[in-house]
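Asks: You'll find entry-v9.pdb just under this line, and it carries PDB, C-alpha atoms and all ligand atoms.
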```
MODEL        1
ATOM      1  CA  MET N   9     121.889  27.371 129.030
ATOM      2  CA  PRO N  10     124.794  25.864 131.004
ATOM      3  CA  LYS N  11     125.378  27.446 134.396
ATOM      4  CA  SER N  12     128.740  29.105 134.932
ATOM      5  CA  LEU N  13     130.846  27.514 137.648
ATOM      6  CA  ASP N  14     132.093  29.232 140.759
ATOM      7  CA  PRO N  15     135.901  29.071 141.308
ATOM      8  CA  GLN N  16     135.690  26.453 144.074
ATOM      9  CA  THR N  17     133.556  24.127 141.947
ATOM     10  CA  LYS N  18     135.920  24.649 139.020
ATOM     11  CA  LYS N  19     138.868  23.661 141.232
ATOM     12  CA  HIS N  20     136.990  20.626 142.517
ATOM     13  CA  LEU N  21     136.039  19.633 138.961
ATOM     14  CA  ALA N  22     139.627  20.033 137.712
ATOM     15  CA  SER N  23     140.982  17.863 140.507
ATOM     16  CA  ARG N  24     138.425  15.152 139.765
ATOM     17  CA  VAL N  25     139.276  15.210 136.071
ATOM     18  CA  ASN N  26     142.981  14.887 136.912
ATOM     19  CA  TYR N  27     142.188  12.008 139.254
ATOM     20  CA  TYR N  28     140.388  10.121 136.494
ATOM     21  CA  ARG N  29     143.106  10.941 133.943
ATOM     22  CA  GLU N  30     145.654   9.341 136.252
ATOM     23  CA  MET N  31     143.559   6.200 135.976
ATOM     24  CA  GLY N  32     143.654   6.468 132.168
ATOM     25  CA  ILE N  33     140.095   7.739 131.806
ATOM     26  CA  TYR N  34     139.672  10.642 129.409
ATOM     27  CA  ASP N  35     136.027  10.636 128.404
ATOM     28  CA  PHE N  36     133.088  11.604 130.570
ATOM     29  CA  TYR N  37     129.372  11.467 130.272
ATOM     30  CA  ARG N  38     126.569  13.364 131.919
ATOM     31  CA  ARG N  39     124.416  11.542 134.368
ATOM     32  CA  PRO N  40     121.240  13.098 135.729
ATOM     33  CA  VAL N  41     121.126  12.709 139.482
ATOM     34  CA  GLU N  42     118.469  14.516 141.412
ATOM     35  CA  GLU N  43     116.307  17.545 141.157
ATOM     36  CA  GLY N  44     118.207  20.772 141.572
ATOM     37  CA  VAL N  45     121.469  19.156 140.525
ATOM     38  CA  GLU N  46     121.861  18.985 136.790
ATOM     39  CA  PHE N  47     124.623  16.498 136.190
ATOM     40  CA  VAL N  48     127.270  14.472 137.911
ATOM     41  CA  LEU N  49     130.643  13.918 136.332
ATOM     42  CA  GLN N  50     131.332  10.254 135.722
ATOM     43  CA  PRO N  51     134.164   8.571 133.872
ATOM     44  CA  ALA N  52     133.022   6.866 130.683
ATOM     45  CA  THR N  53     134.931   3.672 131.259
ATOM     46  CA  GLU N  54     133.308   2.063 128.246
ATOM     47  CA  ASN N  55     135.471   4.396 126.168
ATOM     48  CA  LEU N  56     138.673   3.387 127.906
ATOM     49  CA  LEU N  57     139.917   1.432 124.954
ATOM     50  CA  ALA N  58     138.801   3.867 122.300
ATOM     51  CA  ASP N  59     141.525   4.597 119.738
ATOM     52  CA  ASN N  60     140.690   8.279 119.843
ATOM     53  CA  MET N  61     141.343   8.483 123.585
ATOM     54  CA  SER N  62     143.084  11.765 124.222
ATOM     55  CA  PRO N  63     142.821  14.507 126.818
ATOM     56  CA  ALA N  64     141.965  16.922 124.022
ATOM     57  CA  LYS N  65     138.778  14.952 123.406
ATOM     58  CA  THR N  66     137.661  15.147 127.014
ATOM     59  CA  LYS N  67     134.098  16.380 127.072
ATOM     60  CA  LEU N  68     133.575  18.309 130.253
ATOM     61  CA  PRO N  69     130.041  18.870 131.375
ATOM     62  CA  ALA N  70     129.124  22.451 132.080
ATOM     63  CA  ALA N  71     127.415  21.346 135.220
ATOM     64  CA  THR N  72     127.095  21.661 138.918
ATOM     65  CA  LEU N  73     128.852  18.966 140.906
ATOM     66  CA  PRO N  74     126.724  17.002 143.313
ATOM     67  CA  PRO N  75     127.495  17.154 147.002
ATOM     68  CA  ALA N  76     130.512  14.963 147.771
ATOM     69  CA  ILE N  77     129.535  11.482 148.880
ATOM     70  CA  SER N  78     131.123  11.005 152.247
ATOM     71  CA  ASP N  79     129.619   7.742 153.452
ATOM     72  CA  LYS N  80     131.249   4.626 152.126
ATOM     73  CA  PRO N  81     128.128   2.478 151.501
ATOM     74  CA  SER N  82     126.603   5.233 149.333
ATOM     75  CA  ALA N  83     129.875   5.733 147.473
ATOM     76  CA  LEU N  84     130.091   1.992 146.774
ATOM     77  CA  LYS N  85     126.440   1.941 145.735
ATOM     78  CA  LEU N  86     127.185   4.666 143.211
ATOM     79  CA  ILE N  87     130.075   2.655 141.770
ATOM     80  CA  ARG N  88     127.784  -0.375 141.497
ATOM     81  CA  GLU N  89     125.173   1.765 139.753
ATOM     82  CA  ASP N  90     127.810   3.055 137.338
ATOM     83  CA  ILE N  91     128.765  -0.501 136.462
ATOM     84  CA  GLY N  92     125.086  -1.196 135.866
ATOM     85  CA  ASP N  93     124.080  -4.147 133.724
ATOM     86  CA  CYS N  94     127.547  -4.007 132.214
ATOM     87  CA  THR N  95     128.256  -5.026 128.623
ATOM     88  CA  ARG N  96     131.564  -3.162 128.325
ATOM     89  CA  CYS N  97     133.562  -6.304 127.577
ATOM     90  CA  ARG N  98     132.884  -9.797 126.243
ATOM     91  CA  LEU N  99     132.826 -11.352 129.724
ATOM     92  CA  HIS N 100     129.253 -10.190 130.253
ATOM     93  CA  LYS N 101     128.052 -12.799 127.758
ATOM     94  CA  GLY N 102     128.702 -15.742 130.086
ATOM     95  CA  ARG N 103     127.746 -14.070 133.322
ATOM     96  CA  THR N 104     124.956 -15.182 135.648
ATOM     97  CA  ASN N 105     125.746 -12.587 138.294
ATOM     98  CA  LEU N 106     128.134  -9.691 138.333
ATOM     99  CA  VAL N 107     130.440 -10.074 141.335
ATOM    100  CA  PHE N 108     131.006  -6.591 142.725
ATOM    101  CA  GLY N 109     132.769  -7.162 146.046
ATOM    102  CA  VAL N 110     131.857  -7.877 149.622
ATOM    103  CA  GLY N 111     132.897  -7.098 153.147
ATOM    104  CA  ASN N 112     133.537  -4.467 155.732
ATOM    105  CA  VAL N 113     133.563  -0.990 154.199
ATOM    106  CA  ASN N 114     135.898   0.124 156.995
ATOM    107  CA  ALA N 115     138.272  -2.804 156.545
ATOM    108  CA  ASP N 116     141.979  -2.364 157.191
ATOM    109  CA  ILE N 117     142.687  -5.184 154.745
ATOM    110  CA  MET N 118     141.363  -5.561 151.218
ATOM    111  CA  PHE N 119     141.996  -8.782 149.297
ATOM    112  CA  VAL N 120     141.982  -8.543 145.518
ATOM    113  CA  GLY N 121     141.606 -11.690 143.428
ATOM    114  CA  GLU N 122     141.505 -12.325 139.716
ATOM    115  CA  GLY N 123     137.903 -12.884 138.747
ATOM    116  CA  PRO N 124     134.841 -14.920 139.716
ATOM    117  CA  GLY N 125     134.696 -18.657 139.185
ATOM    118  CA  ALA N 126     131.581 -20.808 138.792
ATOM    119  CA  ASP N 127     130.523 -20.620 142.464
ATOM    120  CA  GLU N 128     131.052 -16.873 142.630
ATOM    121  CA  ASP N 129     129.159 -16.359 139.365
ATOM    122  CA  ALA N 130     126.254 -18.401 140.728
ATOM    123  CA  LYS N 131     126.164 -16.542 144.048
ATOM    124  CA  GLY N 132     127.283 -13.052 143.030
ATOM    125  CA  GLU N 133     129.898 -13.017 145.801
ATOM    126  CA  PRO N 134     133.690 -13.277 145.534
ATOM    127  CA  PHE N 135     135.642 -16.223 146.913
ATOM    128  CA  VAL N 136     132.826 -18.554 147.954
ATOM    129  CA  GLY N 137     134.116 -21.764 146.318
ATOM    130  CA  ARG N 138     137.052 -23.981 147.336
ATOM    131  CA  ALA N 139     139.574 -21.176 146.916
ATOM    132  CA  GLY N 140     137.266 -18.998 148.989
ATOM    133  CA  GLN N 141     137.213 -21.573 151.776
ATOM    134  CA  LEU N 142     140.998 -21.535 151.832
ATOM    135  CA  LEU N 143     140.995 -17.724 151.799
ATOM    136  CA  ASN N 144     138.611 -17.784 154.787
ATOM    137  CA  ASN N 145     141.039 -20.100 156.605
ATOM    138  CA  MET N 146     143.945 -17.801 155.784
ATOM    139  CA  ILE N 147     141.980 -14.842 157.155
ATOM    140  CA  SER N 148     141.071 -16.757 160.355
ATOM    141  CA  ALA N 149     144.729 -17.703 160.773
ATOM    142  CA  MET N 150     145.410 -13.979 161.006
ATOM    143  CA  GLY N 151     143.065 -13.817 163.993
ATOM    144  CA  ILE N 152     140.302 -11.982 162.137
ATOM    145  CA  GLY N 153     137.199 -13.013 160.173
ATOM    146  CA  ARG N 154     135.946 -12.653 156.624
ATOM    147  CA  GLU N 155     133.511 -10.043 157.923
ATOM    148  CA  ASP N 156     136.478  -7.855 158.952
ATOM    149  CA  VAL N 157     137.982  -7.541 155.471
ATOM    150  CA  TYR N 158     136.827  -6.391 152.047
ATOM    151  CA  ILE N 159     137.165  -8.729 149.058
ATOM    152  CA  ALA N 160     136.968  -7.894 145.361
ATOM    153  CA  ASN N 161     138.382  -9.018 142.029
ATOM    154  CA  VAL N 162     140.092  -7.407 139.049
ATOM    155  CA  VAL N 163     137.246  -8.481 136.739
ATOM    156  CA  LYS N 164     133.659  -8.672 137.924
ATOM    157  CA  CYS N 165     132.346 -11.265 135.500
ATOM    158  CA  ARG N 166     133.413 -14.893 135.214
ATOM    159  CA  PRO N 167     135.814 -15.610 132.366
ATOM    160  CA  PRO N 168     134.593 -18.618 130.329
ATOM    161  CA  GLY N 169     135.944 -21.899 131.674
ATOM    162  CA  ASN N 170     137.757 -19.910 134.382
ATOM    163  CA  ARG N 171     140.405 -18.796 131.906
ATOM    164  CA  THR N 172     142.716 -15.932 132.862
ATOM    165  CA  PRO N 173     141.051 -12.594 132.099
ATOM    166  CA  GLU N 174     142.553 -10.888 129.069
ATOM    167  CA  LYS N 175     144.271  -7.522 129.208
ATOM    168  CA  ASP N 176     141.451  -5.559 127.594
ATOM    169  CA  GLU N 177     138.939  -7.158 129.978
ATOM    170  CA  CYS N 178     141.095  -6.193 132.985
ATOM    171  CA  ASP N 179     141.653  -2.685 131.606
ATOM    172  CA  THR N 180     137.930  -2.178 131.134
ATOM    173  CA  CYS N 181     136.980  -3.397 134.600
ATOM    174  CA  SER N 182     139.836  -2.248 136.818
ATOM    175  CA  PRO N 183     138.840   1.460 136.984
ATOM    176  CA  PHE N 184     135.866   0.299 139.049
ATOM    177  CA  LEU N 185     138.194  -1.660 141.336
ATOM    178  CA  MET N 186     140.355   1.458 141.738
ATOM    179  CA  ARG N 187     137.280   3.399 142.751
ATOM    180  CA  GLN N 188     136.343   0.686 145.272
ATOM    181  CA  ILE N 189     139.866   0.860 146.713
ATOM    182  CA  ASP N 190     139.660   4.641 146.977
ATOM    183  CA  VAL N 191     136.362   4.382 148.850
ATOM    184  CA  ILE N 192     137.393   1.572 151.222
ATOM    185  CA  LYS N 193     140.829   3.131 151.816
ATOM    186  CA  PRO N 194     142.268  -0.031 153.377
ATOM    187  CA  LYS N 195     145.571   0.164 155.229
ATOM    188  CA  VAL N 196     146.771  -2.879 153.311
ATOM    189  CA  ILE N 197     145.842  -4.413 149.969
ATOM    190  CA  VAL N 198     146.732  -8.062 149.488
ATOM    191  CA  ALA N 199     146.955  -8.924 145.801
ATOM    192  CA  LEU N 200     146.125 -12.594 145.400
ATOM    193  CA  GLY N 201     148.118 -14.004 142.515
ATOM    194  CA  ALA N 202     149.812 -12.683 139.442
ATOM    195  CA  VAL N 203     146.744 -11.268 137.671
ATOM    196  CA  ALA N 204     145.834  -9.046 140.623
ATOM    197  CA  ALA N 205     149.459  -8.055 141.210
ATOM    198  CA  LYS N 206     150.176  -7.223 137.595
ATOM    199  CA  ASN N 207     146.981  -5.251 137.124
ATOM    200  CA  LEU N 208     147.289  -3.262 140.302
ATOM    201  CA  LEU N 209     151.001  -2.577 140.066
ATOM    202  CA  ALA N 210     151.187  -2.422 136.252
ATOM    203  CA  VAL N 211     154.261  -4.623 136.302
ATOM    204  CA  SER N 212     155.129  -7.869 134.635
ATOM    205  CA  ASP N 213     157.266 -10.111 136.801
ATOM    206  CA  SER N 214     157.226 -13.574 138.295
ATOM    207  CA  MET N 215     155.299 -14.234 141.508
ATOM    208  CA  ALA N 216     158.587 -15.199 143.163
ATOM    209  CA  ASN N 217     159.912 -11.697 142.507
ATOM    210  CA  LEU N 218     156.671  -9.868 143.236
ATOM    211  CA  ARG N 219     155.799 -11.356 146.616
ATOM    212  CA  GLY N 220     157.389 -10.901 150.019
ATOM    213  CA  ARG N 221     157.769  -7.111 149.950
ATOM    214  CA  TRP N 222     155.746  -3.965 150.367
ATOM    215  CA  TYR N 223     154.666  -1.642 147.572
ATOM    216  CA  ASP N 224     153.319   1.883 147.918
ATOM    217  CA  PHE N 225     150.028   1.985 146.080
ATOM    218  CA  ARG N 226     147.384   4.742 145.979
ATOM    219  CA  ASP N 227     148.140   6.015 149.492
ATOM    220  CA  THR N 228     148.166   2.530 150.920
ATOM    221  CA  LYS N 229     150.497  -0.448 151.251
ATOM    222  CA  LEU N 230     150.241  -3.393 148.929
ATOM    223  CA  LEU N 231     151.613  -6.877 149.298
ATOM    224  CA  VAL N 232     151.476  -9.722 146.800
ATOM    225  CA  THR N 233     150.895 -13.321 147.790
ATOM    226  CA  TYR N 234     149.897 -16.566 146.152
ATOM    227  CA  HIS N 235     146.334 -17.027 144.942
ATOM    228  CA  PRO N 236     144.428 -19.541 147.102
ATOM    229  CA  ALA N 237     143.565 -21.574 143.968
ATOM    230  CA  TYR N 238     147.297 -21.933 143.305
ATOM    231  CA  LEU N 239     147.837 -22.967 146.941
ATOM    232  CA  LEU N 240     145.193 -25.675 146.485
ATOM    233  CA  ARG N 241     147.228 -26.999 143.554
ATOM    234  CA  ASP N 242     150.584 -26.653 145.313
ATOM    235  CA  PRO N 243     150.035 -26.787 149.092
ATOM    236  CA  ARG N 244     153.811 -26.672 149.713
ATOM    237  CA  GLN N 245     153.617 -22.939 148.982
ATOM    238  CA  LYS N 246     151.211 -22.344 151.878
ATOM    239  CA  LYS N 247     154.085 -21.659 154.237
ATOM    240  CA  GLU N 248     155.327 -18.936 151.872
ATOM    241  CA  ALA N 249     151.844 -17.393 151.738
ATOM    242  CA  TRP N 250     151.717 -17.540 155.528
ATOM    243  CA  LYS N 251     155.002 -15.582 155.673
ATOM    244  CA  ASP N 252     153.366 -12.900 153.519
ATOM    245  CA  LEU N 253     150.306 -12.746 155.754
ATOM    246  CA  GLN N 254     152.533 -12.485 158.805
ATOM    247  CA  MET N 255     154.061  -9.371 157.235
ATOM    248  CA  VAL N 256     150.535  -7.933 157.035
ATOM    249  CA  MET N 257     149.849  -8.869 160.647
ATOM    250  CA  LYS N 258     153.085  -7.290 161.820
ATOM    251  CA  PHE N 259     152.325  -4.115 159.877
ATOM    252  CA  LEU N 260     148.831  -3.876 161.368
ATOM    253  CA  GLY N 261     149.858  -5.025 164.857
ATOM    254  CA  LEU N 262     147.625  -8.094 164.711
ATOM    255  CA  ASN N 263     148.343 -10.962 167.083
ATOM    256  CA  PRO N 264     147.958 -14.420 165.587
ATOM    257  CA  PRO N 265     145.676 -16.884 167.373
ATOM    258  CA  ALA N 266     147.481 -19.604 169.314
ATOM    259  CA  LYS N 267     146.378 -22.241 166.805
ATOM    260  CA  ALA N 268     148.395 -22.784 163.608
ATOM    261  CA  PRO N 269     146.580 -22.031 160.320
ATOM    262  CA  GLN N 270     144.264 -24.781 159.098
ATOM    263  CA  ASP N 271     144.517 -26.182 155.594
TER     264      ASP N 271
HETATM  265  N1  LIG D   1     139.218 -16.746 142.281
HETATM  266  C1  LIG D   1     139.294 -15.401 142.238
HETATM  267  O1  LIG D   1     140.289 -14.832 141.806
HETATM  268  N2  LIG D   1     138.250 -14.712 142.670
HETATM  269  C2  LIG D   1     137.150 -15.266 143.141
HETATM  270  O2  LIG D   1     136.236 -14.553 143.517
HETATM  271  C3  LIG D   1     137.104 -16.677 143.196
HETATM  272  C4  LIG D   1     138.146 -17.399 142.762
ENDMDL
END
```
Could the structure of this file be written out as structure tokens, please?
Ligand code: URA
Replies:
Amino acid sequence: MPKSLDPQTKKHLASRVNYYREMGIYDFYRRPVEEGVEFVLQPATENLLADNMSPAKTKLPAATLPPAISDKPSALKLIREDIGDCTRCRLHKGRTNLVFGVGNVNADIMFVGEGPGADEDAKGEPFVGRAGQLLNNMISAMGIGREDVYIANVVKCRPPGNRTPEKDECDTCSPFLMRQIDVIKPKVIVALGAVAAKNLLAVSDSMANLRGRWYDFRDTKLLVTYHPAYLLRDPRQKKEAWKDLQMVMKFLGLNPPAKAPQD
């Protein structure tokens, strides 16, 4: 027999359901957690694209909520567990490693890229190839290190031949990115390139129009700049990207090192 919920738990449950609805998630499944706690409410992101998606179809568990997870590593671990050995979209077919995200859980800055390439797929870590080397240089130019920031992508599996991830692939994966953002709570999110910008901001515009200004996003500030892979193809745009990063530095009160950014 389902337990009846006390008013505080009901309120907590309702606010969580609203939170997930805002992310476009309407279906939930029950997940056994530990002894003494029957179920934990989790969004069923695999149903995100279901035609029958409607709040009326939301299946709420008559369950006790688990204690809130307050430490960031455990909260991230739970997100990773929820992703599991993911087969929610076609990208899983070509994956060697799922690329979850890496970095400082208390980072002020979170960089969001598009999706893993070959090097990232092989290593299971974002931005470790040539574009990653340039990103590292951009981060050092800001007077901080890769270990000071958090880095993730819109999609967590490598698109075949490094093609741009398709909309349904981004829609399936991005709820997990939103949850990572909500756990990290960075002061600034830097969207690297059009795919990250368009998926985070749900807008469709040119990079020229998107970059160079601040957006309010999920209780934080978001700025769009060029993707390092694009900067490798068109190095003339590096000075524009540097202007964007200087906006971040000014916002966070970071002092640049004396040395100019390396290539
Ligand atoms: N490009 C991205 O967008 N992300 C990576 O992790 C690597 C390259």
Asks: Could you list, as a CSV table (one decimal) with C-alpha atoms, keeping the file's coordinate frame, all protein and nucleic acid residues with an atom at most 9 Å from ligand LIG 1 (chain D), counting only C-alpha atoms and all ligand atoms?
Replies:
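Everything below was put into pocket_33.csv:
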```csv
chain,number,residue,atom,x,y,z
N,107,VAL,CA,130.4,-10.1,141.3
N,109,GLY,CA,132.8,-7.2,146.0
N,120,VAL,CA,142.0,-8.5,145.5
N,121,GLY,CA,141.6,-11.7,143.4
N,122,GLU,CA,141.5,-12.3,139.7
N,123,GLY,CA,137.9,-12.9,138.7
N,124,PRO,CA,134.8,-14.9,139.7
N,125,GLY,CA,134.7,-18.7,139.2
N,126,ALA,CA,131.6,-20.8,138.8
N,127,ASP,CA,130.5,-20.6,142.5
N,128,GLU,CA,131.1,-16.9,142.6
N,129,ASP,CA,129.2,-16.4,139.4
N,133,GLU,CA,129.9,-13.0,145.8
N,134,PRO,CA,133.7,-13.3,145.5
N,135,PHE,CA,135.6,-16.2,146.9
N,136,VAL,CA,132.8,-18.6,148.0
N,137,GLY,CA,134.1,-21.8,146.3
N,138,ARG,CA,137.1,-24.0,147.3
N,139,ALA,CA,139.6,-21.2,146.9
N,140,GLY,CA,137.3,-19.0,149.0
N,159,ILE,CA,137.2,-8.7,149.1
N,160,ALA,CA,137.0,-7.9,145.4
N,161,ASN,CA,138.4,-9.0,142.0
N,162,VAL,CA,140.1,-7.4,139.0
N,163,VAL,CA,137.2,-8.5,136.7
N,164,LYS,CA,133.7,-8.7,137.9
N,166,ARG,CA,133.4,-14.9,135.2
N,170,ASN,CA,137.8,-19.9,134.4
N,200,LEU,CA,146.1,-12.6,145.4
N,201,GLY,CA,148.1,-14.0,142.5
N,203,VAL,CA,146.7,-11.3,137.7
N,204,ALA,CA,145.8,-9.0,140.6
N,235,HIS,CA,146.3,-17.0,144.9
N,236,PRO,CA,144.4,-19.5,147.1
N,237,ALA,CA,143.6,-21.6,144.0
```
Asks: Name the residues captured by the PyMOL selection byres (((chain N and resi 88) around 12) and not hetatm) when it is applied to the shown file; answer as number ranges by chain.
Replies: N: 81-87, 89-94, 106-110, 164, 181, 184-185, 187-188
Asks: Tell me which residues the PyMOL selection byres (((chain N and resi 205) around 9) and not hetatm) grabs here, as a PyMOL selection string.
Replies: chain N and resi 120-121+198-204+206-212+215+218-219+231-233
Asks: Using all atoms listed in the file, which of N:Met146, N:Leu262, N:Ile117, N:Cys165 sits nearest Lys229 in chain N?
Replies: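 Residue with the minimum atom-to-atom distance to Lys229 in chain N: N:Ile117.
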Asks: Could you state the separation of CA of Tyr234 in chain N and CA of Phe119 in chain N in Å, given to one decimal place?
Replies: 11.5 Å
Asks: May I ask for the distance between CA of Asn112 in chain N and CA of Tyr158 in chain N, given in Å to one decimal place?
Replies: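 Answer for the CA of Asn112 in chain N to CA of Tyr158 in chain N separation: 5.3 Å.
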Asks: Any chance you could resolve the PyMOL selection byres (((chain N and resi 196) around 10) and not hetatm) against this file and give the residues as an MDAnalysis selection string?
Replies: chainID N and resid 115:119 193:195 197:199 222:225 227:231 256:257 259:260
Asks: Determine, counting all atoms listed in the file, every residue of protein, DNA or RNA that lies within 6 Å of (154.3, -15.4, 150.1) in the file coordinates, then give the result as an MDAnalysis selection string.
Replies: chainID N and resid 219:220 233 248:249 251:252
Asks: For CA of Cys97 in chain N and CA of Asp179 in chain N, determine how far apart the two atoms are, in Å to one decimal place.
Replies: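 Separation of CA of Cys97 in chain N and CA of Asp179 in chain N: 9.7 Å.
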Asks: Neighbourhood query: residues within 10 Å of (151.6, -16.0, 161.7), file coordinates, counting only C-alpha atoms; return as a PyMOL selection string.
Replies: chain N and resi 146+149-151+247+250-258+262-269
Asks: I'd like the box whose edges run along x, y and z of the file and which contains every listed atom of range 187-196 of chain N, padded by 8 Å per side; could you state its centre and edge lengths in Å, one decimal, as JSON?
Replies:
```
{"center_x": 141.6, "center_y": 0.9, "center_z": 149.0, "size_x": 26.4, "size_y": 23.5, "size_z": 28.5}
```
Asks: From the coordinates supplied, range 128-143 of chain N should be written with N, CA and C atoms, as a PDB file, in the first residue's frame.
Replies:
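Resulting contents of part-v6.pdb:
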```pdb
ATOM      1  N   GLU N 128      37.925  12.699 -27.451  1.00  0.00           N
ATOM      2  CA  GLU N 128      37.090  12.722 -26.247  1.00  0.00           C
ATOM      3  C   GLU N 128      36.375  11.379 -26.081  1.00  0.00           C
ATOM      4  N   ASP N 129      35.912  10.835 -27.207  1.00  0.00           N
ATOM      5  CA  ASP N 129      35.238   9.531 -27.192  1.00  0.00           C
ATOM      6  C   ASP N 129      36.201   8.440 -26.707  1.00  0.00           C
ATOM      7  N   ALA N 130      37.452   8.550 -27.153  1.00  0.00           N
ATOM      8  CA  ALA N 130      38.448   7.539 -26.756  1.00  0.00           C
ATOM      9  C   ALA N 130      38.783   7.662 -25.272  1.00  0.00           C
ATOM     10  N   LYS N 131      38.818   8.888 -24.770  1.00  0.00           N
ATOM     11  CA  LYS N 131      39.271   9.106 -23.387  1.00  0.00           C
ATOM     12  C   LYS N 131      38.125   9.230 -22.378  1.00  0.00           C
ATOM     13  N   GLY N 132      36.937   9.554 -22.873  1.00  0.00           N
ATOM     14  CA  GLY N 132      35.810   9.749 -21.947  1.00  0.00           C
ATOM     15  C   GLY N 132      35.870  11.078 -21.226  1.00  0.00           C
ATOM     16  N   GLU N 133      36.598  12.045 -21.809  1.00  0.00           N
ATOM     17  CA  GLU N 133      36.737  13.364 -21.175  1.00  0.00           C
ATOM     18  C   GLU N 133      36.544  14.453 -22.228  1.00  0.00           C
ATOM     19  N   PRO N 134      35.809  15.529 -21.877  1.00  0.00           N
ATOM     20  CA  PRO N 134      35.576  16.563 -22.889  1.00  0.00           C
ATOM     21  C   PRO N 134      36.826  17.391 -23.185  1.00  0.00           C
ATOM     22  N   PHE N 135      36.900  17.868 -24.402  1.00  0.00           N
ATOM     23  CA  PHE N 135      37.931  18.815 -24.832  1.00  0.00           C
ATOM     24  C   PHE N 135      39.353  18.351 -24.477  1.00  0.00           C
ATOM     25  N   VAL N 136      39.739  17.214 -25.030  1.00  0.00           N
ATOM     26  CA  VAL N 136      41.113  16.737 -24.828  1.00  0.00           C
ATOM     27  C   VAL N 136      41.899  16.678 -26.143  1.00  0.00           C
ATOM     28  N   GLY N 137      41.241  16.977 -27.263  1.00  0.00           N
ATOM     29  CA  GLY N 137      41.943  16.967 -28.556  1.00  0.00           C
ATOM     30  C   GLY N 137      42.516  18.343 -28.864  1.00  0.00           C
ATOM     31  N   ARG N 138      42.649  18.650 -30.146  1.00  0.00           N
ATOM     32  CA  ARG N 138      43.249  19.944 -30.558  1.00  0.00           C
ATOM     33  C   ARG N 138      42.409  21.120 -30.070  1.00  0.00           C
ATOM     34  N   ALA N 139      41.093  20.994 -30.220  1.00  0.00           N
ATOM     35  CA  ALA N 139      40.217  22.077 -29.744  1.00  0.00           C
ATOM     36  C   ALA N 139      40.348  22.223 -28.230  1.00  0.00           C
ATOM     37  N   GLY N 140      40.545  21.102 -27.563  1.00  0.00           N
ATOM     38  CA  GLY N 140      40.709  21.115 -26.110  1.00  0.00           C
ATOM     39  C   GLY N 140      41.986  21.818 -25.705  1.00  0.00           C
ATOM     40  N   GLN N 141      43.048  21.601 -26.503  1.00  0.00           N
ATOM     41  CA  GLN N 141      44.319  22.285 -26.210  1.00  0.00           C
ATOM     42  C   GLN N 141      44.141  23.799 -26.321  1.00  0.00           C
ATOM     43  N   LEU N 142      43.402  24.205 -27.365  1.00  0.00           N
ATOM     44  CA  LEU N 142      43.154  25.644 -27.513  1.00  0.00           C
ATOM     45  C   LEU N 142      42.279  26.153 -26.358  1.00  0.00           C
ATOM     46  N   LEU N 143      41.285  25.361 -25.979  1.00  0.00           N
ATOM     47  CA  LEU N 143      40.440  25.778 -24.841  1.00  0.00           C
ATOM     48  C   LEU N 143      41.295  25.936 -23.585  1.00  0.00           C
TER      49      LEU N 143
END
```
